[in-house]
file input16.cif (mmCIF, C-alpha atoms and all ligand atoms)
data_query
loop_
_atom_site.label_atom_id
_atom_site.label_comp_id
_atom_site.auth_asym_id
_atom_site.auth_seq_id
_atom_site.Cartn_x
_atom_site.Cartn_y
_atom_site.Cartn_z
CA MET O 1 -14.63 -15.81 18.63
CA LYS O 2 -12.31 -16.32 15.67
CA PRO O 3 -9.51 -13.74 15.40
CA ILE O 4 -10.02 -11.17 12.64
CA ALA O 5 -7.70 -9.82 9.94
CA ILE O 6 -6.74 -6.20 9.49
CA TYR O 7 -6.09 -4.48 6.18
CA ILE O 8 -4.32 -1.13 5.96
CA HIS O 9 -4.63 0.71 2.65
CA ILE O 10 -1.76 3.01 1.65
CA PRO O 11 -2.96 4.79 -1.50
CA PHE O 12 0.30 6.35 -2.75
CA CYS O 13 2.39 5.29 -5.77
CA ILE O 14 5.25 6.85 -7.68
CA HIS O 15 3.43 6.34 -10.97
CA LYS O 16 0.19 4.78 -12.15
CA CYS O 17 0.95 1.48 -13.93
CA SER O 18 -0.77 0.85 -17.28
CA TYR O 19 -3.06 -1.89 -15.99
CA CYS O 20 -3.88 -0.58 -12.54
CA ASP O 21 -7.38 0.26 -11.38
CA PHE O 22 -6.61 -0.01 -7.67
CA ASN O 23 -7.40 2.92 -5.43
CA SER O 24 -3.90 4.35 -5.85
CA TYR O 25 -2.59 7.78 -6.80
CA ALA O 26 0.67 9.30 -7.98
CA GLY O 27 1.67 12.85 -7.05
CA LEU O 28 0.09 13.04 -3.59
CA ASP O 29 3.33 13.41 -1.60
CA HIS O 30 1.93 16.47 0.15
CA LEU O 31 -0.74 14.28 1.81
CA THR O 32 1.43 11.54 3.30
CA MET O 33 1.92 13.09 6.77
CA ASP O 34 -1.74 14.00 7.23
CA PHE O 35 -2.67 10.55 5.91
CA CYS O 36 -0.59 8.81 8.59
CA GLU O 37 -2.24 10.84 11.32
CA ALA O 38 -5.70 10.18 9.86
CA ILE O 39 -5.31 6.42 9.55
CA LYS O 40 -3.96 6.15 13.09
CA ARG O 41 -6.95 8.13 14.30
CA GLU O 42 -9.29 5.86 12.34
CA ILE O 43 -7.68 2.80 13.99
CA ARG O 44 -7.95 4.37 17.46
CA GLY O 45 -11.63 4.92 16.76
CA VAL O 46 -12.43 1.20 17.05
CA ARG O 47 -10.63 0.70 20.35
CA GLU O 48 -13.74 -0.69 22.03
CA LEU O 49 -14.05 -3.59 19.57
CA GLU O 50 -11.65 -5.86 21.48
CA ARG O 51 -11.19 -8.52 18.83
CA GLU O 52 -8.02 -10.53 18.55
CA VAL O 53 -6.07 -10.12 15.32
CA ALA O 54 -4.31 -12.96 13.47
CA SER O 55 -3.00 -11.01 10.47
CA VAL O 56 -2.25 -7.46 9.43
CA PHE O 57 -1.74 -6.63 5.77
CA PHE O 58 -0.45 -3.31 4.43
CA GLY O 59 -1.53 -3.05 0.78
CA GLY O 60 -2.07 -0.34 -1.72
CA GLY O 61 -0.98 1.54 -3.60
CA THR O 62 2.56 1.11 -2.46
CA PRO O 63 3.00 0.87 1.31
CA THR O 64 6.76 1.31 0.94
CA TYR O 65 6.11 4.70 -0.61
CA LEU O 66 5.90 5.79 3.05
CA LYS O 67 8.94 5.88 5.28
CA ALA O 68 9.56 2.70 7.28
CA GLU O 69 9.10 4.70 10.49
CA GLN O 70 5.66 5.82 9.29
CA LEU O 71 4.65 2.23 8.51
CA ASN O 72 5.92 1.11 11.91
CA SER O 73 3.98 3.83 13.69
CA ILE O 74 0.74 2.75 11.95
CA LEU O 75 1.51 -0.85 12.90
CA ASN O 76 2.16 0.24 16.50
CA GLU O 77 -1.26 1.85 16.54
CA VAL O 78 -2.81 -1.46 15.43
CA ARG O 79 -0.94 -3.30 18.18
CA ASP O 80 -1.99 -0.72 20.76
CA VAL O 81 -5.64 -1.08 19.88
CA PHE O 82 -5.92 -4.82 19.15
CA PRO O 83 -4.54 -7.84 20.96
CA VAL O 84 -2.68 -9.94 18.39
CA THR O 85 -2.20 -13.70 18.29
CA LYS O 86 1.23 -15.06 19.24
CA ASP O 87 1.99 -16.03 15.66
CA VAL O 88 0.40 -12.98 14.00
CA GLU O 89 1.30 -12.59 10.32
CA ILE O 90 2.26 -9.00 9.46
CA THR O 91 2.73 -8.38 5.75
CA SER O 92 3.57 -5.35 3.69
CA GLU O 93 3.40 -5.10 -0.06
CA SER O 94 6.48 -3.57 -1.55
CA ASN O 95 7.41 -2.20 -4.95
CA PRO O 96 10.99 -2.88 -6.09
CA ALA O 97 11.18 0.82 -6.97
CA ASN O 98 10.86 1.76 -3.28
CA SER O 99 12.85 -1.07 -1.75
CA ASP O 100 16.08 -0.45 0.06
CA MET O 101 17.98 -2.32 2.69
CA GLU O 102 17.56 0.21 5.50
CA ARG O 103 13.81 0.45 4.95
CA PHE O 104 13.43 -3.33 5.14
CA GLU O 105 15.60 -3.57 8.25
CA VAL O 106 13.59 -0.89 10.06
CA MET O 107 10.32 -2.58 9.04
CA ARG O 108 11.57 -5.97 10.21
CA GLN O 109 12.57 -4.48 13.57
CA GLY O 110 9.16 -2.81 13.72
CA GLY O 111 7.42 -6.20 13.59
CA PHE O 112 6.72 -6.88 9.92
CA ASN O 113 7.43 -10.58 9.31
CA ARG O 114 6.30 -11.05 5.70
CA LEU O 115 6.93 -9.09 2.50
CA SER O 116 5.01 -9.29 -0.73
CA ILE O 117 7.08 -7.90 -3.57
CA GLY O 118 5.42 -6.81 -6.81
CA VAL O 119 7.87 -8.25 -9.31
CA GLN O 120 5.19 -8.81 -12.01
CA SER O 121 7.69 -9.83 -14.69
CA PHE O 122 11.40 -10.53 -15.06
CA ASP O 123 11.39 -9.06 -18.57
CA ASP O 124 12.42 -5.38 -18.69
CA ARG O 125 10.71 -4.85 -22.04
CA ILE O 126 7.39 -6.02 -20.60
CA LEU O 127 7.90 -4.05 -17.38
CA ARG O 128 8.32 -0.92 -19.50
CA ILE O 129 5.11 -1.63 -21.43
CA ALA O 130 3.27 -2.08 -18.13
CA GLU O 131 4.85 1.21 -16.97
CA ARG O 132 6.29 -0.39 -13.91
CA ARG O 133 8.96 1.95 -12.55
CA HIS O 134 11.58 -0.72 -11.91
CA THR O 135 13.75 -3.20 -13.76
CA SER O 136 14.03 -6.93 -13.18
CA GLU O 137 17.48 -6.33 -11.71
CA GLU O 138 15.98 -3.94 -9.17
CA ALA O 139 13.44 -6.62 -8.29
CA MET O 140 16.29 -9.09 -7.69
CA THR O 141 18.06 -6.53 -5.50
CA ALA O 142 14.86 -5.91 -3.51
CA ILE O 143 14.51 -9.67 -2.92
CA ALA O 144 18.12 -9.91 -1.77
CA PHE O 145 17.66 -6.91 0.57
CA ALA O 146 14.52 -8.50 2.02
CA ARG O 147 16.40 -11.72 2.79
CA ILE O 148 19.37 -9.91 4.32
CA ALA O 149 17.01 -7.80 6.43
CA GLY O 150 15.66 -11.05 7.88
CA PHE O 151 12.40 -11.64 6.00
CA GLU O 152 11.99 -15.41 5.97
CA ASN O 153 8.51 -15.29 4.49
CA LEU O 154 8.40 -13.74 1.03
CA ASN O 155 5.67 -13.60 -1.57
CA LEU O 156 6.46 -12.63 -5.14
CA ASP O 157 3.67 -11.39 -7.42
CA LEU O 158 3.78 -12.21 -11.13
CA ILE O 159 1.34 -11.29 -13.90
CA PHE O 160 0.86 -13.31 -17.06
CA ALA O 161 -0.82 -12.59 -20.40
CA LEU O 162 0.83 -9.18 -20.38
CA PRO O 163 1.04 -7.38 -23.74
CA GLU O 164 3.72 -8.83 -26.03
CA GLN O 165 4.48 -11.60 -23.55
CA SER O 166 5.06 -14.92 -25.29
CA LEU O 167 4.81 -18.38 -23.79
CA ASP O 168 8.61 -18.53 -23.76
CA ASP O 169 8.80 -15.19 -21.90
CA TRP O 170 6.38 -16.53 -19.32
CA ARG O 171 8.29 -19.80 -18.96
CA ALA O 172 11.47 -17.80 -18.37
CA SER O 173 9.77 -15.73 -15.63
CA LEU O 174 8.53 -18.92 -13.96
CA LEU O 175 12.00 -20.47 -14.03
CA ARG O 176 13.46 -17.29 -12.52
CA VAL O 177 10.95 -17.27 -9.69
CA ILE O 178 11.49 -20.97 -8.97
CA ASN O 179 15.21 -20.32 -8.81
CA ILE O 180 14.66 -17.55 -6.26
CA ASN O 181 12.62 -19.98 -4.15
CA PRO O 182 10.24 -17.63 -2.31
CA GLU O 183 7.87 -19.13 0.24
CA HIS O 184 4.83 -17.94 -1.70
CA ILE O 185 4.01 -17.04 -5.31
CA SER O 186 0.92 -15.29 -6.67
CA THR O 187 0.25 -15.40 -10.40
CA TYR O 188 -2.68 -13.49 -11.84
CA ALA O 189 -3.68 -13.14 -15.48
CA LEU O 190 -3.74 -9.57 -16.67
CA SER O 191 -7.22 -8.21 -16.69
CA ILE O 192 -8.03 -5.10 -18.67
CA GLU O 193 -9.87 -2.72 -16.36
CA GLU O 194 -11.87 0.35 -17.19
CA GLY O 195 -10.10 3.69 -16.92
CA THR O 196 -6.60 2.22 -17.30
CA ARG O 197 -4.10 3.04 -20.02
CA PHE O 198 -4.27 -0.58 -21.22
CA GLU O 199 -8.03 -0.26 -21.62
CA ARG O 200 -7.61 2.84 -23.79
CA MET O 201 -4.98 1.00 -25.87
CA HIS O 202 -7.31 -1.99 -26.11
CA ARG O 203 -10.12 0.20 -27.44
CA ASN O 204 -7.74 1.62 -30.06
CA HIS O 205 -6.59 -1.90 -31.03
CA ALA O 206 -3.07 -0.98 -29.91
CA LEU O 207 -2.71 -3.67 -27.24
CA HIS O 208 -0.97 -6.84 -28.40
CA GLN O 209 -2.20 -9.19 -25.73
CA ALA O 210 -2.19 -12.97 -25.61
CA ASP O 211 -5.41 -14.55 -26.88
CA GLU O 212 -7.61 -16.59 -24.56
CA ASP O 213 -6.03 -19.93 -25.51
CA THR O 214 -2.52 -18.65 -24.87
CA GLU O 215 -3.63 -17.19 -21.55
CA LEU O 216 -4.98 -20.61 -20.53
CA GLU O 217 -1.77 -22.25 -21.69
CA MET O 218 0.21 -19.79 -19.55
CA TYR O 219 -1.95 -20.58 -16.54
CA GLU O 220 -1.52 -24.32 -17.04
CA MET O 221 2.21 -23.83 -17.49
CA ALA O 222 2.38 -21.99 -14.15
CA ILE O 223 0.51 -24.79 -12.40
CA GLU O 224 2.68 -27.48 -13.97
CA GLN O 225 6.03 -25.76 -13.40
CA LEU O 226 5.34 -24.61 -9.86
CA ILE O 227 3.94 -27.94 -8.72
CA LYS O 228 6.94 -29.67 -10.33
CA ALA O 229 9.17 -27.36 -8.28
CA GLY O 230 7.46 -28.53 -5.09
CA TYR O 231 5.00 -25.71 -4.54
CA GLU O 232 1.53 -26.46 -3.25
CA HIS O 233 -1.17 -25.04 -5.49
CA TYR O 234 -3.60 -24.11 -2.74
CA GLU O 235 -5.73 -21.42 -4.36
CA VAL O 236 -6.71 -20.62 -7.95
CA SER O 237 -3.86 -18.11 -8.30
CA ASN O 238 -1.62 -18.87 -5.34
CA PHE O 239 1.19 -21.31 -4.61
CA CYS O 240 3.25 -21.86 -1.49
CA ARG O 241 5.85 -23.93 0.29
CA ALA O 242 4.40 -26.28 2.93
CA GLY O 243 2.64 -24.35 5.69
CA LYS O 244 3.23 -20.96 4.06
CA GLN O 245 -0.28 -20.15 2.87
CA ALA O 246 -1.05 -16.43 3.07
CA ARG O 247 -2.94 -16.35 6.33
CA HIS O 248 -4.37 -12.93 5.62
CA ASN O 249 -5.77 -13.91 2.23
CA LEU O 250 -7.18 -17.12 3.70
CA THR O 251 -9.44 -14.86 5.78
CA TYR O 252 -10.96 -13.58 2.53
CA TRP O 253 -11.22 -17.00 0.91
CA LEU O 254 -12.93 -18.42 4.00
CA ASN O 255 -15.18 -15.35 4.03
CA ASP O 256 -14.18 -14.67 7.62
CA GLU O 257 -14.26 -11.27 9.27
CA TYR O 258 -11.83 -8.41 8.66
CA LEU O 259 -11.49 -4.71 9.26
CA GLY O 260 -10.02 -2.35 6.66
CA PHE O 261 -8.55 1.06 7.41
CA GLY O 262 -7.61 3.82 4.98
CA PRO O 263 -9.20 5.23 1.82
CA GLY O 264 -11.34 2.72 -0.06
CA ALA O 265 -10.68 -0.03 2.49
CA VAL O 266 -13.45 -2.60 2.91
CA SER O 267 -14.54 -4.13 6.22
CA TYR O 268 -16.70 -7.19 6.89
CA LEU O 269 -17.97 -7.69 10.40
CA ASP O 270 -21.15 -9.10 11.96
CA GLY O 271 -22.69 -9.72 8.52
CA ARG O 272 -22.19 -6.10 7.52
CA ARG O 273 -19.83 -4.96 4.75
CA TRP O 274 -18.82 -1.38 4.18
CA MET O 275 -16.29 0.60 2.17
CA ASN O 276 -14.50 3.78 3.20
CA GLU O 277 -14.37 7.03 1.29
CA LYS O 278 -11.94 6.40 -1.57
CA ARG O 279 -10.27 9.75 -2.29
CA PRO O 280 -7.31 10.32 0.06
CA ALA O 281 -7.92 14.06 0.60
CA SER O 282 -11.61 13.53 1.40
CA TYR O 283 -10.74 10.58 3.61
CA ILE O 284 -8.28 12.70 5.62
CA ARG O 285 -10.80 15.54 5.94
CA LYS O 286 -13.60 13.22 7.04
CA VAL O 287 -11.45 11.57 9.69
CA LYS O 288 -10.38 15.01 10.99
CA ASP O 289 -13.96 16.25 11.11
CA GLY O 290 -15.27 13.04 12.64
CA GLU O 291 -17.61 12.44 9.69
CA PRO O 292 -18.76 8.91 8.82
CA LEU O 293 -16.33 7.27 6.39
CA ALA O 294 -18.53 4.60 4.81
CA ILE O 295 -19.63 5.36 1.25
CA GLN O 296 -21.08 1.88 0.70
CA ASP O 297 -22.72 -0.10 3.43
CA GLU O 298 -24.73 -3.32 3.20
CA THR O 299 -25.96 -6.00 5.51
CA LEU O 300 -25.67 -9.29 3.69
CA SER O 301 -28.64 -11.62 3.64
CA PRO O 302 -27.78 -15.22 4.64
CA ALA O 303 -28.44 -16.30 1.03
CA LYS O 304 -26.00 -13.74 -0.38
CA ALA O 305 -23.38 -14.47 2.27
CA LEU O 306 -23.77 -18.19 1.49
CA SER O 307 -23.18 -17.72 -2.25
CA GLU O 308 -20.11 -15.59 -1.56
CA THR O 309 -18.74 -18.16 0.88
CA LEU O 310 -19.27 -20.86 -1.73
CA ILE O 311 -17.54 -18.89 -4.49
CA LEU O 312 -14.62 -17.86 -2.28
CA GLY O 313 -14.27 -21.38 -0.85
CA LEU O 314 -14.17 -22.89 -4.33
CA ARG O 315 -11.08 -20.78 -5.00
CA LEU O 316 -9.27 -23.03 -2.53
CA ARG O 317 -7.92 -26.25 -4.06
CA GLY O 318 -9.00 -28.11 -0.94
CA GLY O 319 -12.53 -27.05 -1.81
CA VAL O 320 -15.32 -26.02 0.49
CA SER O 321 -17.24 -28.04 3.07
CA LEU O 322 -20.95 -27.85 2.26
CA LYS O 323 -21.76 -29.01 5.79
CA SER O 324 -19.87 -26.09 7.33
CA ILE O 325 -21.77 -23.71 5.03
CA HIS O 326 -25.03 -25.33 6.08
CA ASP O 327 -24.09 -24.95 9.76
CA ARG O 328 -23.03 -21.33 9.23
CA TYR O 329 -26.09 -20.04 7.37
CA SER O 330 -28.77 -22.61 8.25
CA ILE O 331 -29.35 -23.07 4.52
CA ASP O 332 -28.49 -26.33 2.80
CA PRO O 333 -26.32 -25.38 -0.21
CA LEU O 334 -27.11 -28.74 -1.83
CA GLU O 335 -30.79 -27.87 -1.78
CA ARG O 336 -30.32 -24.24 -2.76
CA TYR O 337 -27.95 -25.05 -5.62
CA SER O 338 -29.02 -28.61 -6.35
CA GLY O 339 -29.44 -28.07 -10.10
CA LEU O 340 -26.33 -25.96 -10.48
CA ILE O 341 -24.02 -28.19 -8.42
CA GLY O 342 -25.27 -31.22 -10.37
CA ASN O 343 -24.59 -29.41 -13.66
CA LEU O 344 -21.09 -28.32 -12.60
CA ILE O 345 -20.29 -31.95 -11.72
CA SER O 346 -21.74 -33.39 -14.93
CA GLU O 347 -19.87 -30.78 -17.00
CA GLY O 348 -16.63 -31.89 -15.31
CA LEU O 349 -16.09 -28.48 -13.68
CA ALA O 350 -16.52 -29.57 -10.05
CA GLU O 351 -16.42 -32.73 -7.96
CA LEU O 352 -18.00 -33.72 -4.69
CA ASN O 353 -16.02 -35.89 -2.25
CA GLY O 354 -18.02 -36.51 0.92
CA ASP O 355 -19.35 -33.07 1.73
CA THR O 356 -16.45 -31.22 0.07
CA LEU O 357 -17.09 -29.49 -3.23
CA ARG O 358 -14.03 -28.53 -5.24
CA LEU O 359 -13.14 -27.40 -8.72
CA THR O 360 -11.62 -29.95 -11.08
CA HIS O 361 -8.66 -29.02 -13.26
CA LYS O 362 -11.11 -28.03 -15.99
CA GLY O 363 -13.09 -26.02 -13.43
CA LEU O 364 -9.90 -24.14 -12.51
CA LEU O 365 -9.38 -23.08 -16.10
CA PHE O 366 -12.92 -21.71 -16.28
CA SER O 367 -13.29 -20.67 -12.65
CA ASN O 368 -14.68 -17.20 -13.42
CA ASP O 369 -17.49 -18.75 -15.47
CA VAL O 370 -18.27 -21.12 -12.58
CA PHE O 371 -18.34 -18.25 -10.07
CA ILE O 372 -20.65 -16.15 -12.23
CA ARG O 373 -23.12 -19.05 -12.32
CA ILE O 374 -23.15 -19.22 -8.49
CA LEU O 375 -23.82 -15.50 -8.03
CA PRO O 376 -27.31 -14.91 -6.60
S1 LIG M 401 2.43 0.02 -8.09
FE1 LIG M 401 0.62 -1.29 -7.78
S2 LIG M 401 -0.96 0.01 -6.92
FE2 LIG M 401 0.66 1.37 -7.71
S3 LIG M 401 -0.06 1.91 -9.74
FE3 LIG M 401 1.28 0.12 -9.97
S4 LIG M 401 -0.09 -1.67 -9.87
FE4 LIG M 401 -1.22 0.13 -9.09
#

call {"tool": "encode", "arguments": {"input": "input16.cif", "output": "structure tokens"}}
result
Amino acid sequence: MKPIAIYIHIPFCIHKCSYCDFNSYAGLDHLTMDFCEAIKREIRGVRELEREVASVFFGGGTPTYLKAEQLNSILNEVRDVFPVTKDVEITSESNPANSDMERFEVMRQGGFNRLSIGVQSFDDRILRIAERRHTSEEAMTAIAFARIAGFENLNLDLIFALPEQSLDDWRASLLRVININPEHISTYALSIEEGTRFERMHRNHALHQADEDTELEMYEMAIEQLIKAGYEHYEVSNFCRAGKQARHNLTYWLNDEYLGFGPGAVSYLDGRRWMNEKRPASYIRKVKDGEPLAIQDETLSPAKALSETLILGLRLRGGVSLKSIHDRYSIDPLERYSGLIGNLISEGLAELNGDTLRLTHKGLLFSNDVFIRILP
């Protein structure tokens, strides 16, 4: 059996950023201790599963909102319950606002071997608009601390098409990140999500965001600059140095199995997908009382699982093997999507080499439109 991935959701943040619709909350300090006990109990609850684990990812929220010792004790619980592969990847997200040397050193000693730092922008003006609670200088300090603490595998997150961000601003951020030379870079376009401050500003016409053409230009600039700097563009929004793909995220893109722990965490195992209770206080109470945590639960039909595997696989620049999909679901994707795949190819959005279907450069620029067309 293939090893699985484990996701740990830490829902706490110092402040809600303007664009954020993640399951994260500010002002819940009083819950952190009970939360740590609850999540460890949830992990212990699957002791009988006996699956090997190839990656553990602490995301959020802001994992580094917790003390390093608390993160290590959750990680220890994972290692107690699951056998891990020899080269297991153990990542924590980190916000420059909660990044200090001692914390990183304790985490490194505790077994974390990869950090993903939410830099988002190197422009303080734009960071303020996004209500990030750190400056670009603090991000640089966090990166330096991570290196000194011994993290040899770093991801830096950047967002483009942020309000009031020009092409020149974006170019400057790209040059800064190239200069820092992390092993991995993620660059996502800002998306305006319901319930966020940016969405309210957008409704009131108070958000000065890049238009669609500029956003595409920014995306193409990222691809061009990062490839020129020697990065491999291996996924729609992700770039890495040779061999430094995010193993944890590859689990998602290959639509392989994973278990999620914590409020709102999603799991996918044996064709079943479920999501935990989202609100931290209710999550803690339910774990304590031994109540079921799943608030959404579905068993995927082979046809639905196939379309998701196709969409996720197309995110990878190497593309997706149609034969492996056929073998996995006993459905021939070329038959099921014959018209659509033919159309994507004739529109110049996808190409078929042997049995591998992949997006073209044009397909990359309009990937969301392609994925919507594949949805069942
Ligand atoms: S730090 Fe991350 S999770 Fe927390 S509010 Fe900001 S974007 Fe959301």

call {"tool": "residues_near_ligand", "arguments": {"input": "input16.cif", "ligand": "ligand LIG 401 (chain M)", "cutoff": "12 Å", "atoms": "only C-alpha atoms and all ligand atoms", "output": "ChimeraX atom specification"}}
result
/O:9-27,58-65,93-98,116-120,127-128,130-134,157-159,190-191,193,196-197

call {"tool": "write_last_selection", "arguments": {"input": "input16.cif", "atoms": "C-alpha atoms", "output": "mmCIF file, in the coordinates of the input"}}
result
data_model
loop_
_atom_site.group_PDB
_atom_site.id
_atom_site.type_symbol
_atom_site.label_atom_id
_atom_site.label_comp_id
_atom_site.auth_asym_id
_atom_site.auth_seq_id
_atom_site.Cartn_x
_atom_site.Cartn_y
_atom_site.Cartn_z
ATOM 1 C CA HIS O 9 -4.630 0.710 2.650
ATOM 2 C CA ILE O 10 -1.760 3.010 1.650
ATOM 3 C CA PRO O 11 -2.960 4.790 -1.500
ATOM 4 C CA PHE O 12 0.300 6.350 -2.750
ATOM 5 C CA CYS O 13 2.390 5.290 -5.770
ATOM 6 C CA ILE O 14 5.250 6.850 -7.680
ATOM 7 C CA HIS O 15 3.430 6.340 -10.970
ATOM 8 C CA LYS O 16 0.190 4.780 -12.150
ATOM 9 C CA CYS O 17 0.950 1.480 -13.930
ATOM 10 C CA SER O 18 -0.770 0.850 -17.280
ATOM 11 C CA TYR O 19 -3.060 -1.890 -15.990
ATOM 12 C CA CYS O 20 -3.880 -0.580 -12.540
ATOM 13 C CA ASP O 21 -7.380 0.260 -11.380
ATOM 14 C CA PHE O 22 -6.610 -0.010 -7.670
ATOM 15 C CA ASN O 23 -7.400 2.920 -5.430
ATOM 16 C CA SER O 24 -3.900 4.350 -5.850
ATOM 17 C CA TYR O 25 -2.590 7.780 -6.800
ATOM 18 C CA ALA O 26 0.670 9.300 -7.980
ATOM 19 C CA GLY O 27 1.670 12.850 -7.050
ATOM 20 C CA PHE O 58 -0.450 -3.310 4.430
ATOM 21 C CA GLY O 59 -1.530 -3.050 0.780
ATOM 22 C CA GLY O 60 -2.070 -0.340 -1.720
ATOM 23 C CA GLY O 61 -0.980 1.540 -3.600
ATOM 24 C CA THR O 62 2.560 1.110 -2.460
ATOM 25 C CA PRO O 63 3.000 0.870 1.310
ATOM 26 C CA THR O 64 6.760 1.310 0.940
ATOM 27 C CA TYR O 65 6.110 4.700 -0.610
ATOM 28 C CA GLU O 93 3.400 -5.100 -0.060
ATOM 29 C CA SER O 94 6.480 -3.570 -1.550
ATOM 30 C CA ASN O 95 7.410 -2.200 -4.950
ATOM 31 C CA PRO O 96 10.990 -2.880 -6.090
ATOM 32 C CA ALA O 97 11.180 0.820 -6.970
ATOM 33 C CA ASN O 98 10.860 1.760 -3.280
ATOM 34 C CA SER O 116 5.010 -9.290 -0.730
ATOM 35 C CA ILE O 117 7.080 -7.900 -3.570
ATOM 36 C CA GLY O 118 5.420 -6.810 -6.810
ATOM 37 C CA VAL O 119 7.870 -8.250 -9.310
ATOM 38 C CA GLN O 120 5.190 -8.810 -12.010
ATOM 39 C CA LEU O 127 7.900 -4.050 -17.380
ATOM 40 C CA ARG O 128 8.320 -0.920 -19.500
ATOM 41 C CA ALA O 130 3.270 -2.080 -18.130
ATOM 42 C CA GLU O 131 4.850 1.210 -16.970
ATOM 43 C CA ARG O 132 6.290 -0.390 -13.910
ATOM 44 C CA ARG O 133 8.960 1.950 -12.550
ATOM 45 C CA HIS O 134 11.580 -0.720 -11.910
ATOM 46 C CA ASP O 157 3.670 -11.390 -7.420
ATOM 47 C CA LEU O 158 3.780 -12.210 -11.130
ATOM 48 C CA ILE O 159 1.340 -11.290 -13.900
ATOM 49 C CA LEU O 190 -3.740 -9.570 -16.670
ATOM 50 C CA SER O 191 -7.220 -8.210 -16.690
ATOM 51 C CA GLU O 193 -9.870 -2.720 -16.360
ATOM 52 C CA THR O 196 -6.600 2.220 -17.300
ATOM 53 C CA ARG O 197 -4.100 3.040 -20.020
#

call {"tool": "residues_near_point", "arguments": {"input": "input16.cif", "point": "(-7.2, -22.8, 0.2)", "cutoff": "9 Å", "atoms": "all atoms listed in the file", "output": "count of residues only"}}
result
17

call {"tool": "residues_around", "arguments": {"input": "input16.cif", "residues": "Gly262 in chain O", "least_positions_apart": "6", "cutoff": "10 Å", "atoms": "all atoms listed in the file", "output": "MDAnalysis selection string"}}
result
chainID O and resid 7:11 35:36 38:40 42:43 60 275:280 283:284 287 293

call {"tool": "closest_residue", "arguments": {"input": "input16.cif", "among": "O:Leu312, O:Met1, O:Ile331, O:Leu31", "to": "Arg285 in chain O", "atoms": "all atoms listed in the file"}}
result
O:Leu31

call {"tool": "closest_residue", "arguments": {"input": "input16.cif", "among": "O:Lys2, O:Tyr219, O:Arg203, O:Ala172", "to": "Thr187 in chain O", "atoms": "only C-alpha atoms"}}
result
O:Tyr219

call {"tool": "residues_around", "arguments": {"input": "input16.cif", "residues": "range 360-363 of chain O", "least_positions_apart": "6", "cutoff": "7 Å", "atoms": "only C-alpha atoms", "output": "list in words"}}
result
Gly348, Leu349, Ala350 and Glu351 of chain O

call {"tool": "write_last_selection", "arguments": {"input": "input16.cif", "atoms": "C-alpha atoms", "output": "PDB file, keeping the file's coordinate frame"}}
result
ATOM      1  CA  GLY O 348     -16.630 -31.890 -15.310  1.00  0.00           C
ATOM      2  CA  LEU O 349     -16.090 -28.480 -13.680  1.00  0.00           C
ATOM      3  CA  ALA O 350     -16.520 -29.570 -10.050  1.00  0.00           C
ATOM      4  CA  GLU O 351     -16.420 -32.730  -7.960  1.00  0.00           C
TER       5      GLU O 351
END

call {"tool": "residues_around", "arguments": {"input": "input16.cif", "residues": "Ala161 in chain O", "least_positions_apart": "3", "cutoff": "6 Å", "atoms": "all atoms listed in the file", "output": "PyMOL selection string"}}
result
chain O and resi 189-190+210+215

call {"tool": "atom_distance", "arguments": {"input": "input16.cif", "atom1": "CA of Asp289 in chain O", "atom2": "CA of Tyr258 in chain O"}}
result
24.9 Å

call {"tool": "closest_residue", "arguments": {"input": "input16.cif", "among": "O:Ala144, O:Cys240, O:Ile295, O:Met33", "to": "Ala265 in chain O", "atoms": "only C-alpha atoms"}}
result
O:Ile295

call {"tool": "residues_around", "arguments": {"input": "input16.cif", "residues": "Thr251 in chain O", "least_positions_apart": "5", "cutoff": "12 Å", "atoms": "all atoms listed in the file", "output": "PyMOL selection string"}}
result
chain O and resi 2-7+53-57+89+245-246+256-259+267-268+309+312-313+316

call {"tool": "closest_residue", "arguments": {"input": "input16.cif", "among": "O:Ser136, O:Thr214, O:Ser330, O:Ser99", "to": "Leu66 in chain O", "atoms": "only C-alpha atoms"}}
result
O:Ser99

call {"tool": "axis_aligned_box", "arguments": {"input": "input16.cif", "around": "range 73-88 of chain O", "padding_each_side": "3 Å", "output": "AutoDock Vina command-line options"}}
result
--center_x -1.0 --center_y -6.1 --center_z 16.5 --size_x 15.9 --size_y 25.9 --size_z 15.0

call {"tool": "atom_distance", "arguments": {"input": "input16.cif", "atom1": "CA of Arg114 in chain O", "atom2": "CA of Lys86 in chain O"}}
result
15.0 Å

call {"tool": "atom_distance", "arguments": {"input": "input16.cif", "atom1": "CA of Val81 in chain O", "atom2": "CA of Arg47 in chain O"}}
result
5.3 Å

call {"tool": "closest_residue", "arguments": {"input": "input16.cif", "among": "O:Gln225, O:Gly271, O:Ile311, O:Ala146", "to": "Asp369 in chain O", "atoms": "only C-alpha atoms"}}
result
O:Ile311

call {"tool": "decode", "arguments": {"input": "input16.cif", "residues": "range 328-339 of chain O", "atoms": "C-alpha atoms", "output": "PDB file, in the first residue's frame"}}
result
ATOM      1  CA  ARG O 328      -7.188   2.940 -11.365  1.00  0.00           C
ATOM      2  CA  TYR O 329     -10.902   3.414 -12.067  1.00  0.00           C
ATOM      3  CA  SER O 330     -11.589   0.845 -14.805  1.00  0.00           C
ATOM      4  CA  ILE O 331     -13.016   3.669 -16.904  1.00  0.00           C
ATOM      5  CA  ASP O 332     -11.286   4.808 -20.072  1.00  0.00           C
ATOM      6  CA  PRO O 333     -10.915   8.614 -19.746  1.00  0.00           C
ATOM      7  CA  LEU O 334     -10.456   8.878 -23.524  1.00  0.00           C
ATOM      8  CA  GLU O 335     -13.877   7.330 -24.024  1.00  0.00           C
ATOM      9  CA  ARG O 336     -15.543   9.200 -21.180  1.00  0.00           C
ATOM     10  CA  TYR O 337     -14.116  12.578 -22.220  1.00  0.00           C
ATOM     11  CA  SER O 338     -13.507  11.905 -25.897  1.00  0.00           C
ATOM     12  CA  GLY O 339     -15.297  15.050 -27.112  1.00  0.00           C
TER      13      GLY O 339
END
